[in-house]
$ cat query-v5.pdb   # PDB, C-alpha atoms
ATOM      1  CA  ASP Y   1       0.000   0.000   0.000  1.00  0.00           C
ATOM      2  CA  ASP Y   2       2.791   2.403   0.974  1.00  0.00           C
ATOM      3  CA  PRO Y   3       6.365   1.427   0.051  1.00  0.00           C
ATOM      4  CA  ALA Y   4       7.681   3.595   2.896  1.00  0.00           C
ATOM      5  CA  LEU Y   5       6.071   1.212   5.401  1.00  0.00           C
ATOM      6  CA  GLY Y   6       8.093  -1.616   3.869  1.00  0.00           C
ATOM      7  CA  GLY Y   7      11.415   0.214   3.936  1.00  0.00           C
ATOM      8  CA  GLY Y   8      11.091   1.718   0.447  1.00  0.00           C
ATOM      9  CA  ILE Y   9      10.386   0.193  -2.928  1.00  0.00           C
ATOM     10  CA  GLN Y  10      13.770  -1.533  -3.204  1.00  0.00           C
ATOM     11  CA  HIS Y  11      13.193  -3.426   0.040  1.00  0.00           C
ATOM     12  CA  VAL Y  12       9.614  -4.218  -0.988  1.00  0.00           C
ATOM     13  CA  SER Y  13      10.955  -5.563  -4.287  1.00  0.00           C
ATOM     14  CA  ASP Y  14      13.535  -7.697  -2.490  1.00  0.00           C
ATOM     15  CA  CYS Y  15      10.870  -9.112  -0.156  1.00  0.00           C
ATOM     16  CA  LEU Y  16       8.554  -9.906  -3.071  1.00  0.00           C
ATOM     17  CA  LYS Y  17      11.391 -11.606  -4.913  1.00  0.00           C
ATOM     18  CA  SER Y  18      12.038 -13.824  -1.875  1.00  0.00           C
ATOM     19  CA  TYR Y  19       8.340 -14.553  -1.450  1.00  0.00           C
ATOM     20  CA  LEU Y  20       7.954 -15.566  -5.086  1.00  0.00           C
ATOM     21  CA  LYS Y  21      10.642 -18.229  -4.636  1.00  0.00           C
ATOM     22  CA  ARG Y  22       8.777 -19.911  -1.775  1.00  0.00           C
ATOM     23  CA  SER Y  23       7.138 -23.272  -2.385  1.00  0.00           C
ATOM     24  CA  ASP Y  24       4.072 -22.184  -0.376  1.00  0.00           C
ATOM     25  CA  ARG Y  25       3.512 -18.931  -2.259  1.00  0.00           C
ATOM     26  CA  SER Y  26      -0.056 -18.107  -3.234  1.00  0.00           C
ATOM     27  CA  ASP Y  27      -0.637 -15.512  -5.927  1.00  0.00           C
ATOM     28  CA  GLN Y  28      -4.366 -15.612  -5.225  1.00  0.00           C
ATOM     29  CA  LYS Y  29      -3.852 -14.937  -1.506  1.00  0.00           C
ATOM     30  CA  LEU Y  30      -1.559 -12.022  -2.354  1.00  0.00           C
ATOM     31  CA  ILE Y  31      -4.264 -10.593  -4.633  1.00  0.00           C
ATOM     32  CA  GLU Y  32      -6.881 -11.036  -1.897  1.00  0.00           C
ATOM     33  CA  TYR Y  33      -4.720  -9.107   0.568  1.00  0.00           C
ATOM     34  CA  ALA Y  34      -4.158  -6.362  -2.003  1.00  0.00           C
ATOM     35  CA  GLU Y  35      -7.909  -6.097  -2.643  1.00  0.00           C
ATOM     36  CA  ARG Y  36      -8.548  -5.615   1.086  1.00  0.00           C
ATOM     37  CA  LEU Y  37      -6.348  -2.510   1.055  1.00  0.00           C
ATOM     38  CA  GLY Y  38      -8.673  -0.713  -1.346  1.00  0.00           C
ATOM     39  CA  ASN Y  39      -5.791   1.134  -3.009  1.00  0.00           C
ATOM     40  CA  GLY Y  40      -5.469   0.730  -6.784  1.00  0.00           C
ATOM     41  CA  ALA Y  41      -1.788   1.708  -6.696  1.00  0.00           C
ATOM     42  CA  VAL Y  42      -1.067  -1.620  -4.986  1.00  0.00           C
ATOM     43  CA  PHE Y  43      -1.891  -3.550  -8.162  1.00  0.00           C
ATOM     44  CA  LYS Y  44       0.182  -1.176 -10.271  1.00  0.00           C
ATOM     45  CA  ARG Y  45       3.230  -1.604  -8.048  1.00  0.00           C
ATOM     46  CA  LEU Y  46       2.756  -5.322  -7.482  1.00  0.00           C
ATOM     47  CA  GLY Y  47       2.181  -6.042 -11.162  1.00  0.00           C
ATOM     48  CA  PHE Y  48       5.181  -3.975 -12.217  1.00  0.00           C
ATOM     49  CA  LEU Y  49       7.446  -5.724  -9.715  1.00  0.00           C
ATOM     50  CA  ALA Y  50       6.048  -9.177 -10.503  1.00  0.00           C
ATOM     51  CA  GLU Y  51       6.478  -8.701 -14.234  1.00  0.00           C
ATOM     52  CA  GLY Y  52      10.200  -8.312 -13.690  1.00  0.00           C
ATOM     53  CA  GLN Y  53      10.473 -11.638 -11.847  1.00  0.00           C
ATOM     54  CA  LYS Y  54      10.823 -15.170 -13.117  1.00  0.00           C
ATOM     55  CA  ASP Y  55       7.696 -17.369 -12.884  1.00  0.00           C
ATOM     56  CA  SER Y  56       5.398 -14.455 -12.052  1.00  0.00           C
ATOM     57  CA  THR Y  57       3.429 -14.087 -15.264  1.00  0.00           C
ATOM     58  CA  GLN Y  58       0.162 -15.179 -13.631  1.00  0.00           C
ATOM     59  CA  LEU Y  59       0.551 -12.707 -10.761  1.00  0.00           C
ATOM     60  CA  ALA Y  60       1.277  -9.865 -13.197  1.00  0.00           C
ATOM     61  CA  GLU Y  61      -1.811 -10.815 -15.241  1.00  0.00           C
ATOM     62  CA  LEU Y  62      -3.993 -10.858 -12.123  1.00  0.00           C
ATOM     63  CA  CYS Y  63      -2.776  -7.359 -11.296  1.00  0.00           C
ATOM     64  CA  GLN Y  64      -3.214  -6.096 -14.878  1.00  0.00           C
ATOM     65  CA  GLY Y  65      -6.913  -6.908 -14.703  1.00  0.00           C
ATOM     66  CA  ARG Y  66      -7.326  -4.782 -11.577  1.00  0.00           C
ATOM     67  CA  LEU Y  67      -5.653  -1.529 -12.602  1.00  0.00           C
ATOM     68  CA  SER Y  68      -7.336   1.698 -11.595  1.00  0.00           C
ATOM     69  CA  THR Y  69      -7.311   4.853 -13.689  1.00  0.00           C
ATOM     70  CA  GLY Y  70      -4.721   7.565 -13.235  1.00  0.00           C
ATOM     71  CA  LEU Y  71      -1.023   7.451 -12.515  1.00  0.00           C
ATOM     72  CA  ALA Y  72       0.633   6.450  -9.258  1.00  0.00           C
ATOM     73  CA  LYS Y  73       4.246   6.761  -8.203  1.00  0.00           C
ATOM     74  CA  LEU Y  74       6.210   3.553  -7.770  1.00  0.00           C
ATOM     75  CA  ASP Y  75       7.510   5.044  -4.519  1.00  0.00           C
ATOM     76  CA  SER Y  76       6.104   8.346  -3.300  1.00  0.00           C
ATOM     77  CA  ALA Y  77       9.390   9.144  -1.540  1.00  0.00           C
ATOM     78  CA  LEU Y  78      11.378   9.147  -4.810  1.00  0.00           C
ATOM     79  CA  PRO Y  79      11.343  11.659  -7.665  1.00  0.00           C
ATOM     80  CA  ALA Y  80       9.683  10.062 -10.668  1.00  0.00           C
ATOM     81  CA  GLN Y  81      10.004  11.576 -14.163  1.00  0.00           C
ATOM     82  CA  ARG Y  82       9.381   8.531 -16.372  1.00  0.00           C
ATOM     83  CA  ILE Y  83       5.988   6.963 -17.043  1.00  0.00           C
ATOM     84  CA  ASN Y  84       5.324   3.271 -17.554  1.00  0.00           C
ATOM     85  CA  SER Y  85       2.022   3.303 -19.430  1.00  0.00           C
ATOM     86  CA  ARG Y  86       1.453  -0.446 -19.116  1.00  0.00           C
ATOM     87  CA  TRP Y  87       1.308  -0.197 -15.319  1.00  0.00           C
ATOM     88  CA  LYS Y  88       0.216   3.459 -15.084  1.00  0.00           C
ATOM     89  CA  LEU Y  89       3.203   4.235 -12.899  1.00  0.00           C
ATOM     90  CA  ARG Y  90       5.569   7.149 -12.537  1.00  0.00           C
ATOM     91  CA  LEU Y  91       9.039   5.680 -12.166  1.00  0.00           C
ATOM     92  CA  PRO Y  92      12.321   7.022 -10.841  1.00  0.00           C
ATOM     93  CA  GLU Y  93      14.968   7.063 -13.553  1.00  0.00           C
ATOM     94  CA  THR Y  94      16.842   4.146 -11.953  1.00  0.00           C
ATOM     95  CA  TRP Y  95      13.719   1.960 -12.120  1.00  0.00           C
ATOM     96  CA  ALA Y  96      12.693   3.105 -15.593  1.00  0.00           C
ATOM     97  CA  LYS Y  97      15.734   1.649 -17.311  1.00  0.00           C
ATOM     98  CA  GLY Y  98      14.609  -1.530 -18.996  1.00  0.00           C
ATOM     99  CA  PHE Y  99      11.026  -1.126 -17.819  1.00  0.00           C
ATOM    100  CA  ALA Y 100       9.703   2.025 -19.486  1.00  0.00           C
ATOM    101  CA  GLN Y 101       6.971   1.515 -22.056  1.00  0.00           C
TER
END
$ encode --input "query-v5.pdb" --output "structure tokens"
Amino acid sequence: DDPALGGGIQHVSDCLKSYLKRSDRSDQKLIEYAERLGNGAVFKRLGFLAEGQKDSTQLAELCQGRLSTGLAKLDSALPAQRINSRWKLRLPETWAKGFAQ
């Protein structure tokens, strides 16, 4: 919901990467938790991060179908000049490399 609560987007990304490697991972449970938050930016961030990970196509697709309108910042604490139109995200330059669409 708020990357700052998770130590910033880099730490959130690292945690997601570890979670996605677990044998007991549940993409559906992750989506259910995200839906409870009631914040459309969650699906934008989660989908963007999942799309960059191995074996996460289904999770990214589940997020893609739940995108809200408007743009959100990947991390509100970071300056974000680039736009990723697929995920409706404003990205910091360091995150935009290789991801911008």
$ resolve_selection --input "query-v5.pdb" --expression "the PyMOL selection byres ((chain Y and resi 76-80) around 6)" --output "list in words"
Lys73, Asp75, Gln81, Arg82, Arg90, Leu91 and Pro92 of chain Y
$ residues_around --input "query-v5.pdb" --residues "segment 11-19 of chain Y" --least-positions-apart "6" --cutoff "8 Å" --atoms "only C-alpha atoms" --output "list in words"
Pro3, Arg25, Leu49, Ala50 and Gln53 of chain Y
$ resolve_selection --input "query-v5.pdb" --expression "the PyMOL selection byres ((chain Y and resi 41) around 9)" --output "list in words"
Asp1, Asp2, Asn39, Gly40, Val42, Phe43, Lys44, Arg45, Leu46, Leu67, Ser68, Leu71, Ala72, Lys73, Leu74, Lys88 and Leu89 of chain Y
$ closest_residue --input "query-v5.pdb" --among "Y:Arg36, Y:Asn84, Y:Gly47, Y:Gly52" --to "Gly65 of chain Y" --atoms "all atoms listed in the file"
Y:Gly47
$ closest_residue --input "query-v5.pdb" --among "Y:Gln10, Y:Leu62, Y:Leu5, Y:Lys21" --to "Thr94 of chain Y" --atoms "all atoms listed in the file"
Y:Gln10
